[in-house]
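One file, model-v6.cif, is given below (mmCIF, C-alpha atoms and all ligand atoms).
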data_protein
loop_
_atom_site.group_PDB
_atom_site.id
_atom_site.type_symbol
_atom_site.label_atom_id
_atom_site.label_comp_id
_atom_site.auth_asym_id
_atom_site.auth_seq_id
_atom_site.Cartn_x
_atom_site.Cartn_y
_atom_site.Cartn_z
ATOM 1 C CA MET A 235 -22.029 -10.361 -8.439
ATOM 2 C CA THR A 236 -18.827 -10.392 -6.385
ATOM 3 C CA ALA A 237 -18.181 -14.148 -6.600
ATOM 4 C CA ASN A 238 -16.237 -13.791 -9.881
ATOM 5 C CA ALA A 239 -14.475 -10.537 -9.059
ATOM 6 C CA LYS A 240 -10.839 -10.296 -10.188
ATOM 7 C CA LEU A 241 -8.850 -9.380 -7.087
ATOM 8 C CA THR A 242 -5.052 -9.146 -7.228
ATOM 9 C CA PRO A 243 -3.288 -9.138 -3.847
ATOM 10 C CA TYR A 244 -1.582 -5.766 -3.351
ATOM 11 C CA ILE A 245 -0.726 -5.002 0.305
ATOM 12 C CA LYS A 246 -0.642 -7.925 2.735
ATOM 13 C CA ALA A 247 -2.409 -7.796 6.104
ATOM 14 C CA ALA A 248 0.905 -8.067 7.983
ATOM 15 C CA GLU A 249 2.430 -5.191 5.986
ATOM 16 C CA ILE A 250 -0.566 -2.998 6.776
ATOM 17 C CA GLN A 251 -0.307 -3.733 10.490
ATOM 18 C CA THR A 252 3.467 -3.153 10.569
ATOM 19 C CA ARG A 253 3.060 0.221 8.888
ATOM 20 C CA ILE A 254 0.211 1.160 11.240
ATOM 21 C CA LYS A 255 2.460 0.510 14.259
ATOM 22 C CA GLU A 256 5.082 2.848 12.792
ATOM 23 C CA LEU A 257 2.485 5.548 12.109
ATOM 24 C CA ALA A 258 1.068 5.220 15.634
ATOM 25 C CA LYS A 259 4.530 5.790 17.136
ATOM 26 C CA GLU A 260 5.185 8.781 14.919
ATOM 27 C CA ILE A 261 1.827 10.390 15.701
ATOM 28 C CA ASP A 262 2.138 9.695 19.447
ATOM 29 C CA ALA A 263 5.548 11.386 19.404
ATOM 30 C CA TYR A 264 4.024 14.503 17.818
ATOM 31 C CA TYR A 265 1.204 14.864 20.338
ATOM 32 C CA ALA A 266 3.404 13.950 23.323
ATOM 33 C CA GLY A 267 0.516 12.990 25.597
ATOM 34 C CA LYS A 268 -1.865 15.864 24.685
ATOM 35 C CA GLU A 269 -5.498 14.822 24.383
ATOM 36 C CA ILE A 270 -6.841 14.691 20.821
ATOM 37 C CA ILE A 271 -10.082 14.145 18.950
ATOM 38 C CA ALA A 272 -9.609 11.514 16.229
ATOM 39 C CA ILE A 273 -12.132 12.006 13.412
ATOM 40 C CA PHE A 274 -12.755 8.870 11.345
ATOM 41 C CA LEU A 275 -14.176 9.426 7.869
ATOM 42 C CA LEU A 276 -16.976 6.921 7.281
ATOM 43 C CA ASN A 277 -17.174 4.225 6.129
ATOM 44 C CA GLY A 278 -13.800 3.391 4.647
ATOM 45 C CA ALA A 279 -11.535 4.623 7.447
ATOM 46 C CA ILE A 280 -13.202 2.598 10.218
ATOM 47 C CA PHE A 281 -10.896 -0.402 9.763
ATOM 48 C CA PHE A 282 -7.693 1.626 9.530
ATOM 49 C CA GLY A 283 -8.848 4.022 12.262
ATOM 50 C CA VAL A 284 -9.577 1.321 14.820
ATOM 51 C CA ASP A 285 -6.303 -0.500 14.153
ATOM 52 C CA LEU A 286 -4.369 2.789 14.318
ATOM 53 C CA VAL A 287 -5.845 4.163 17.556
ATOM 54 C CA ARG A 288 -5.449 0.835 19.312
ATOM 55 C CA GLN A 289 -1.698 1.130 18.681
ATOM 56 C CA MET A 290 -1.572 4.732 19.952
ATOM 57 C CA LYS A 291 -0.980 5.876 23.533
ATOM 58 C CA THR A 292 -2.233 9.464 23.071
ATOM 59 C CA PRO A 293 -5.400 10.029 25.140
ATOM 60 C CA MET A 294 -8.269 10.629 22.746
ATOM 61 C CA LYS A 295 -11.935 10.863 21.973
ATOM 62 C CA ILE A 296 -13.315 9.475 18.720
ATOM 63 C CA ASP A 297 -15.821 11.111 16.403
ATOM 64 C CA THR A 298 -16.881 10.438 12.811
ATOM 65 C CA LEU A 299 -17.733 12.392 9.689
ATOM 66 C CA SER A 300 -19.403 11.145 6.557
ATOM 67 C CA ALA A 301 -18.775 12.587 3.107
ATOM 68 C CA SER A 302 -19.607 11.108 -0.243
ATOM 69 C CA SER A 303 -18.100 11.696 -3.653
ATOM 70 C CA TYR A 304 -18.027 8.380 -5.415
ATOM 71 C CA SER A 305 -20.387 6.065 -7.192
ATOM 72 C CA GLY A 306 -18.593 2.999 -8.562
ATOM 73 C CA THR A 307 -14.951 3.679 -9.437
ATOM 74 C CA GLU A 308 -15.263 7.191 -10.888
ATOM 75 C CA SER A 309 -15.394 10.423 -8.913
ATOM 76 C CA THR A 310 -18.534 12.466 -9.401
ATOM 77 C CA GLY A 311 -16.483 15.510 -8.388
ATOM 78 C CA VAL A 312 -19.245 16.515 -5.995
ATOM 79 C CA ILE A 313 -18.505 16.257 -2.286
ATOM 80 C CA LYS A 314 -21.400 16.118 0.104
ATOM 81 C CA ILE A 315 -20.923 16.170 3.876
ATOM 82 C CA ASN A 316 -23.647 13.923 5.239
ATOM 83 C CA SER A 317 -23.151 14.125 8.991
ATOM 84 C CA ASP A 318 -21.630 16.558 11.477
ATOM 85 C CA LEU A 319 -19.307 15.991 14.444
ATOM 86 C CA LYS A 320 -20.860 15.369 17.839
ATOM 87 C CA ILE A 321 -17.832 16.542 19.858
ATOM 88 C CA ASN A 322 -16.952 20.253 20.053
ATOM 89 C CA ILE A 323 -13.392 20.442 18.708
ATOM 90 C CA THR A 324 -12.897 24.211 19.077
ATOM 91 C CA GLY A 325 -9.505 24.795 20.685
ATOM 92 C CA LYS A 326 -8.744 21.041 20.665
ATOM 93 C CA HIS A 327 -6.166 18.988 18.762
ATOM 94 C CA ALA A 328 -7.943 17.201 15.914
ATOM 95 C CA LEU A 329 -6.630 14.327 13.800
ATOM 96 C CA ILE A 330 -8.519 13.425 10.612
ATOM 97 C CA VAL A 331 -8.242 9.711 9.837
ATOM 98 C CA GLU A 332 -8.871 8.943 6.163
ATOM 99 C CA ASP A 333 -8.551 5.747 4.146
ATOM 100 C CA ILE A 334 -7.254 7.101 0.844
ATOM 101 C CA VAL A 335 -6.482 10.416 -0.808
ATOM 102 C CA ASP A 336 -6.949 10.361 -4.561
ATOM 103 C CA THR A 337 -7.771 13.691 -6.275
ATOM 104 C CA GLY A 338 -7.831 15.285 -2.805
ATOM 105 C CA LEU A 339 -11.283 16.829 -3.362
ATOM 106 C CA THR A 340 -12.915 14.930 -0.506
ATOM 107 C CA LEU A 341 -10.174 15.649 2.009
ATOM 108 C CA LYS A 342 -9.962 19.296 0.986
ATOM 109 C CA SER A 343 -13.706 19.731 1.667
ATOM 110 C CA ILE A 344 -13.379 17.913 4.977
ATOM 111 C CA VAL A 345 -10.386 20.018 6.025
ATOM 112 C CA ASN A 346 -12.316 23.221 5.217
ATOM 113 C CA PHE A 347 -15.378 21.957 7.105
ATOM 114 C CA VAL A 348 -13.402 20.853 10.172
ATOM 115 C CA GLY A 349 -11.133 23.926 10.028
ATOM 116 C CA GLN A 350 -14.171 26.227 10.360
ATOM 117 C CA LYS A 351 -14.707 24.764 13.824
ATOM 118 C CA LYS A 352 -11.359 26.305 14.833
ATOM 119 C CA PRO A 353 -9.450 23.369 16.328
ATOM 120 C CA ALA A 354 -6.146 24.368 17.998
ATOM 121 C CA ASP A 355 -4.364 22.100 15.555
ATOM 122 C CA LEU A 356 -5.447 19.901 12.649
ATOM 123 C CA LYS A 357 -3.464 16.966 11.299
ATOM 124 C CA ILE A 358 -4.315 14.338 8.682
ATOM 125 C CA VAL A 359 -3.385 10.686 8.575
ATOM 126 C CA CYS A 360 -4.165 8.679 5.477
ATOM 127 C CA LEU A 361 -3.523 4.982 4.887
ATOM 128 C CA LEU A 362 -3.067 5.231 1.104
ATOM 129 C CA ASP A 363 -2.043 8.116 -1.126
ATOM 130 C CA LYS A 364 -2.566 8.044 -4.913
ATOM 131 C CA TYR A 365 -0.264 11.061 -5.181
ATOM 132 C CA GLU A 366 -0.188 11.081 -9.013
ATOM 133 C CA ARG A 367 -3.922 11.776 -9.136
ATOM 134 C CA ARG A 368 -3.972 14.919 -6.981
ATOM 135 C CA VAL A 369 -5.892 17.863 -8.472
ATOM 136 C CA VAL A 370 -6.102 20.163 -5.429
ATOM 137 C CA ASP A 371 -3.326 22.456 -4.193
ATOM 138 C CA ASN A 372 -2.442 23.204 -0.590
ATOM 139 C CA LEU A 373 -3.459 19.863 0.839
ATOM 140 C CA THR A 374 -0.889 18.550 3.288
ATOM 141 C CA VAL A 375 -1.267 14.952 4.346
ATOM 142 C CA ASP A 376 0.811 14.824 7.520
ATOM 143 C CA TYR A 377 1.099 11.056 7.867
ATOM 144 C CA THR A 378 0.800 8.539 5.018
ATOM 145 C CA GLY A 379 0.797 4.752 5.233
ATOM 146 C CA PHE A 380 1.633 3.850 1.637
ATOM 147 C CA LYS A 381 2.029 5.877 -1.557
ATOM 148 C CA ILE A 382 0.429 3.846 -4.332
ATOM 149 C CA GLU A 383 0.062 3.900 -8.101
ATOM 150 C CA ASP A 384 -3.225 4.677 -9.774
ATOM 151 C CA ASN A 385 -5.107 1.408 -9.226
ATOM 152 C CA PHE A 386 -8.587 0.950 -7.817
ATOM 153 C CA VAL A 387 -8.164 -0.912 -4.537
ATOM 154 C CA VAL A 388 -10.574 -2.897 -2.385
ATOM 155 C CA GLY A 389 -10.351 -4.694 0.968
ATOM 156 C CA TYR A 390 -9.367 -3.467 4.452
ATOM 157 C CA GLY A 391 -12.186 -0.890 4.454
ATOM 158 C CA PHE A 392 -12.025 -0.117 0.728
ATOM 159 C CA ASP A 393 -15.158 -1.017 -1.178
ATOM 160 C CA TYR A 394 -16.539 -1.358 -4.648
ATOM 161 C CA ASN A 395 -20.241 -0.543 -4.349
ATOM 162 C CA GLU A 396 -20.045 -1.471 -0.627
ATOM 163 C CA ASN A 397 -18.512 -4.894 -1.320
ATOM 164 C CA PHE A 398 -15.119 -6.223 -0.131
ATOM 165 C CA ARG A 399 -14.638 -3.904 2.871
ATOM 166 C CA THR A 400 -14.183 -6.760 5.335
ATOM 167 C CA LEU A 401 -11.243 -8.447 3.569
ATOM 168 C CA ASP A 402 -8.149 -8.225 5.777
ATOM 169 C CA GLN A 403 -5.734 -7.243 3.005
ATOM 170 C CA ILE A 404 -5.756 -4.769 0.128
ATOM 171 C CA TYR A 405 -6.352 -5.942 -3.439
ATOM 172 C CA ILE A 406 -6.426 -4.306 -6.861
ATOM 173 C CA TYR A 407 -9.943 -4.621 -8.213
ATOM 174 C CA GLY A 408 -9.988 -5.813 -11.806
ATOM 175 C CA GLY A 409 -13.715 -5.995 -12.460
ATOM 176 C CA GLU A 410 -16.038 -8.980 -12.585
ATOM 177 C CA GLY A 411 -14.841 -12.141 -14.349
HETATM 178 P P1 LIG A 501 -10.756 11.981 -3.704
HETATM 179 O O1 LIG A 501 -11.806 12.964 -3.306
HETATM 180 O O2 LIG A 501 -9.417 12.223 -3.038
HETATM 181 O O3 LIG A 501 -10.626 11.878 -5.185
HETATM 182 O O4 LIG A 501 -11.289 10.574 -3.296
HETATM 183 C C1 LIG A 501 -11.280 10.118 -2.017
HETATM 184 C C2 LIG A 501 -12.304 9.050 -1.824
HETATM 185 O O5 LIG A 501 -12.484 8.290 -3.026
HETATM 186 C C3 LIG A 501 -11.867 8.078 -0.783
HETATM 187 O O6 LIG A 501 -12.303 8.456 0.491
HETATM 188 C C4 LIG A 501 -12.510 6.793 -1.263
HETATM 189 O O7 LIG A 501 -13.817 6.711 -0.750
HETATM 190 C C5 LIG A 501 -12.596 6.931 -2.761
HETATM 191 N N1 LIG A 501 -11.513 6.243 -3.472
HETATM 192 C C6 LIG A 501 -10.499 6.777 -4.160
HETATM 193 N N2 LIG A 501 -9.692 5.838 -4.685
HETATM 194 C C7 LIG A 501 -10.238 4.662 -4.312
HETATM 195 C C8 LIG A 501 -9.855 3.290 -4.533
HETATM 196 O O8 LIG A 501 -8.853 2.944 -5.169
HETATM 197 N N3 LIG A 501 -10.666 2.355 -3.971
HETATM 198 C C9 LIG A 501 -11.785 2.667 -3.249
HETATM 199 N N4 LIG A 501 -12.493 1.661 -2.770
HETATM 200 N N5 LIG A 501 -12.163 3.937 -3.014
HETATM 201 C C10 LIG A 501 -11.397 4.925 -3.548
#
The structure in this file should be written as structure tokens.
Amino acid sequence: MTANAKLTPYIKAAEIQTRIKELAKEIDAYYAGKEIIAIFLLNGAIFFGVDLVRQMKTPMKIDTLSASSYSGTESTGVIKINSDLKINITGKHALIVEDIVDTGLTLKSIVNFVGQKKPADLKIVCLLDKYERRVVDNLTVDYTGFKIEDNFVVGYGFDYNENFRTLDQIYIYGGEG
């Protein structure tokens, strides 16, 4: 099914890694050595999250959250949180690591869910931002890798029906040939 997929190169592996190094520096400077809990949103943010935290010097623990909203390329508009955190983040500095913010519905639900646990501070880092597609208000993404146009992307953690995540660069998905 994926052998004939139309994939157009969009963001090169080297560009992604260069931007991640810049983000890591910026985020390290903000925390200034304080310990944090980095919360990776499964499954998409694993690739970005690992590359990001390996460039950071801030002492940290890692936890994960799983939420689902999508089937194929269209949002169902329904956000389900499938798994809870294992680390108690109350009074701690928490950093949500997300792959992409599109309408913002997923991140907004996650921020509400994590916020209820009363962290001392909550920041968000997102690799890609489809800013034109935002439908929610009051969602501040503190650190963004790349602002992109409204294209459906795959590769570097981004999937289409669980395919293409392991590609090392980001492509625009143009359907099956
Ligand atoms: P939102 O709730 O902001 O509309 O959507 C966020 C989620 O939708 C992301 O975590 C991601 O799973 C999925 N998503 C949005 N745009 C894309 C895209 O271009 N490619 C892929 N693979 N997933 C996307």
inquiry  = Once the PyMOL selection byres (((not hetatm)) within 8 of (chain A and resi 501)) is applied to the coordinates I shared, what remains selected? I want it as a PyMOL selection string.
reply    = chain A and resi 275+278-279+302-304+307+309+311+313+332-342+364+367-368+384-389+391-394+406
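Computed from the coordinates, the atom CA of Gly408 of chain A to atom CA of Thr242 of chain A distance equals 7.5 Å.
Among the candidate residues A:Pro293, A:Thr236, A:Ile271, A:Lys246, the one lying nearest to Ile404 of chain A is A:Lys246, with distances computed using only C-alpha atoms.
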message = I'd like the neighbourhood of Asp355 of chain A as a PyMOL selection string, where a residue qualifies if any of its atoms comes within 10 Å (using only C-alpha atoms), though same-chain residues fewer than 2 positions away should be ignored.
response = chain A and resi 270+323-329+349+352-353+357
request  = Give me the result of the PyMOL selection byres (((chain A and resi 296) around 7) and not hetatm) on this file, residue by residue, as number ranges by chain.
outcome  = A: 271-273, 294-295, 297-298
ask   = Hey, can you check how far atom CA of Thr378 of chain A sits from atom CA of Lys240 of chain A?
value = 26.9 Å
request  = Determine the residue membership of the PyMOL selection byres (((chain A and resi 410) around 10) and not hetatm) for the file above and supply it as a PyMOL selection string.
outcome  = chain A and resi 235-241+407-409+411
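Closest approach to Ile261 of chain A among A:Gln289, A:Ser300, A:Gln350, A:Asn316: A:Gln289, based on only C-alpha atoms.
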ask   = Which residue out of A:Ile315, A:Ile330, A:Tyr377, A:Val284 has the minimum interatomic distance to Lys259 of chain A when only C-alpha atoms are used?
value = A:Tyr377
ask   = Which value, in Å to one decimal, gives the distance between atom CA of Ser343 of chain A and atom CA of Lys314 of chain A?
value = 8.6 Å
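In terms of minimum interatomic distance to Leu276 of chain A, A:Ile344 ranks closest within A:Ile344, A:Thr374, A:Leu401, A:Tyr264, counting all atoms listed in the file.
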Enclose segment 358-371 of chain A, meaning all of its atoms listed in the file, in a box aligned along x, y and z, pad it by 5 Å on each side, and list the centre and edge lengths in Å to one decimal, as lines of an AutoDock Vina configuration file.
center_x = -3.1
center_y = 13.7
center_z = -0.2
size_x = 15.9
size_y = 27.5
size_z = 27.8
Write out all heavy atoms for segment 395-406 of chain A, as a compact mmCIF listing (two decimals), keeping the file's coordinate frame.
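Output file part.txt follows:
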# COMPACT_ATOMS: atom_id res chain seq x y z
N ASN A 395 -18.79 -0.49 -4.59
CA ASN A 395 -20.24 -0.54 -4.35
C ASN A 395 -20.58 -1.29 -3.06
O ASN A 395 -21.45 -2.15 -3.04
CB ASN A 395 -20.96 -1.17 -5.54
CG ASN A 395 -20.93 -0.24 -6.75
OD1 ASN A 395 -20.68 0.97 -6.61
ND2 ASN A 395 -21.16 -0.78 -7.93
N GLU A 396 -19.84 -0.94 -1.99
CA GLU A 396 -20.05 -1.47 -0.63
C GLU A 396 -19.59 -2.92 -0.44
O GLU A 396 -19.70 -3.45 0.65
CB GLU A 396 -21.50 -1.31 -0.15
CG GLU A 396 -21.93 0.14 0.03
CD GLU A 396 -21.04 0.95 0.97
OE1 GLU A 396 -20.52 0.40 1.97
OE2 GLU A 396 -20.80 2.15 0.67
N ASN A 397 -19.04 -3.54 -1.47
CA ASN A 397 -18.51 -4.89 -1.32
C ASN A 397 -17.03 -4.85 -0.93
O ASN A 397 -16.36 -3.85 -1.16
CB ASN A 397 -18.65 -5.67 -2.63
CG ASN A 397 -20.11 -5.88 -3.00
OD1 ASN A 397 -20.88 -6.43 -2.23
ND2 ASN A 397 -20.49 -5.40 -4.16
N PHE A 398 -16.55 -5.94 -0.39
CA PHE A 398 -15.12 -6.22 -0.13
C PHE A 398 -14.50 -5.51 1.07
O PHE A 398 -13.33 -5.72 1.36
CB PHE A 398 -14.23 -5.91 -1.36
CG PHE A 398 -14.72 -6.47 -2.65
CD1 PHE A 398 -15.08 -5.64 -3.70
CD2 PHE A 398 -14.83 -7.85 -2.83
CE1 PHE A 398 -15.53 -6.16 -4.90
CE2 PHE A 398 -15.28 -8.37 -4.03
CZ PHE A 398 -15.63 -7.52 -5.07
N ARG A 399 -15.26 -4.67 1.78
CA ARG A 399 -14.64 -3.90 2.87
C ARG A 399 -13.99 -4.79 3.93
O ARG A 399 -13.00 -4.42 4.54
CB ARG A 399 -15.69 -3.04 3.58
CG ARG A 399 -16.13 -1.82 2.81
CD ARG A 399 -16.80 -0.86 3.77
NE ARG A 399 -17.69 0.07 3.11
CZ ARG A 399 -17.31 1.22 2.54
NH1 ARG A 399 -16.05 1.57 2.55
NH2 ARG A 399 -18.19 2.02 1.97
N THR A 400 -14.60 -5.95 4.18
CA THR A 400 -14.18 -6.76 5.34
C THR A 400 -12.97 -7.66 5.06
O THR A 400 -12.51 -8.34 5.96
CB THR A 400 -15.35 -7.64 5.82
OG1 THR A 400 -15.79 -8.43 4.72
CG2 THR A 400 -16.51 -6.78 6.32
N LEU A 401 -12.45 -7.65 3.85
CA LEU A 401 -11.24 -8.45 3.57
C LEU A 401 -10.07 -7.87 4.37
O LEU A 401 -9.99 -6.66 4.54
CB LEU A 401 -10.93 -8.43 2.06
CG LEU A 401 -12.07 -8.93 1.16
CD1 LEU A 401 -11.69 -8.79 -0.31
CD2 LEU A 401 -12.43 -10.37 1.50
N ASP A 402 -9.18 -8.74 4.86
CA ASP A 402 -8.15 -8.22 5.78
C ASP A 402 -6.90 -7.70 5.06
O ASP A 402 -5.99 -7.19 5.70
CB ASP A 402 -7.78 -9.27 6.84
CG ASP A 402 -7.02 -10.44 6.25
OD1 ASP A 402 -6.97 -10.56 5.01
OD2 ASP A 402 -6.47 -11.23 7.04
N GLN A 403 -6.85 -7.84 3.73
CA GLN A 403 -5.73 -7.24 3.00
C GLN A 403 -6.25 -6.39 1.85
O GLN A 403 -7.46 -6.38 1.58
CB GLN A 403 -4.75 -8.30 2.51
CG GLN A 403 -5.31 -9.32 1.55
CD GLN A 403 -4.20 -10.21 0.99
OE1 GLN A 403 -3.20 -9.74 0.48
NE2 GLN A 403 -4.39 -11.51 1.10
N ILE A 404 -5.34 -5.68 1.20
CA ILE A 404 -5.76 -4.77 0.13
C ILE A 404 -5.46 -5.42 -1.23
O ILE A 404 -4.38 -5.98 -1.43
CB ILE A 404 -5.04 -3.41 0.28
CG1 ILE A 404 -5.47 -2.74 1.60
CG2 ILE A 404 -5.34 -2.49 -0.92
CD1 ILE A 404 -4.72 -1.48 1.96
N TYR A 405 -6.45 -5.35 -2.10
CA TYR A 405 -6.35 -5.94 -3.44
C TYR A 405 -6.56 -4.87 -4.50
O TYR A 405 -7.24 -3.87 -4.25
CB TYR A 405 -7.47 -6.97 -3.65
CG TYR A 405 -7.44 -8.16 -2.73
CD1 TYR A 405 -8.00 -8.07 -1.45
CD2 TYR A 405 -6.88 -9.36 -3.14
CE1 TYR A 405 -7.98 -9.18 -0.60
CE2 TYR A 405 -6.86 -10.47 -2.30
CZ TYR A 405 -7.41 -10.37 -1.03
OH TYR A 405 -7.39 -11.46 -0.19
N ILE A 406 -6.05 -5.12 -5.71
CA ILE A 406 -6.43 -4.31 -6.86
C ILE A 406 -7.67 -4.95 -7.46
O ILE A 406 -7.70 -6.18 -7.68
CB ILE A 406 -5.30 -4.24 -7.91
CG1 ILE A 406 -4.09 -3.52 -7.31
CG2 ILE A 406 -5.79 -3.57 -9.20
CD1 ILE A 406 -2.85 -3.56 -8.18
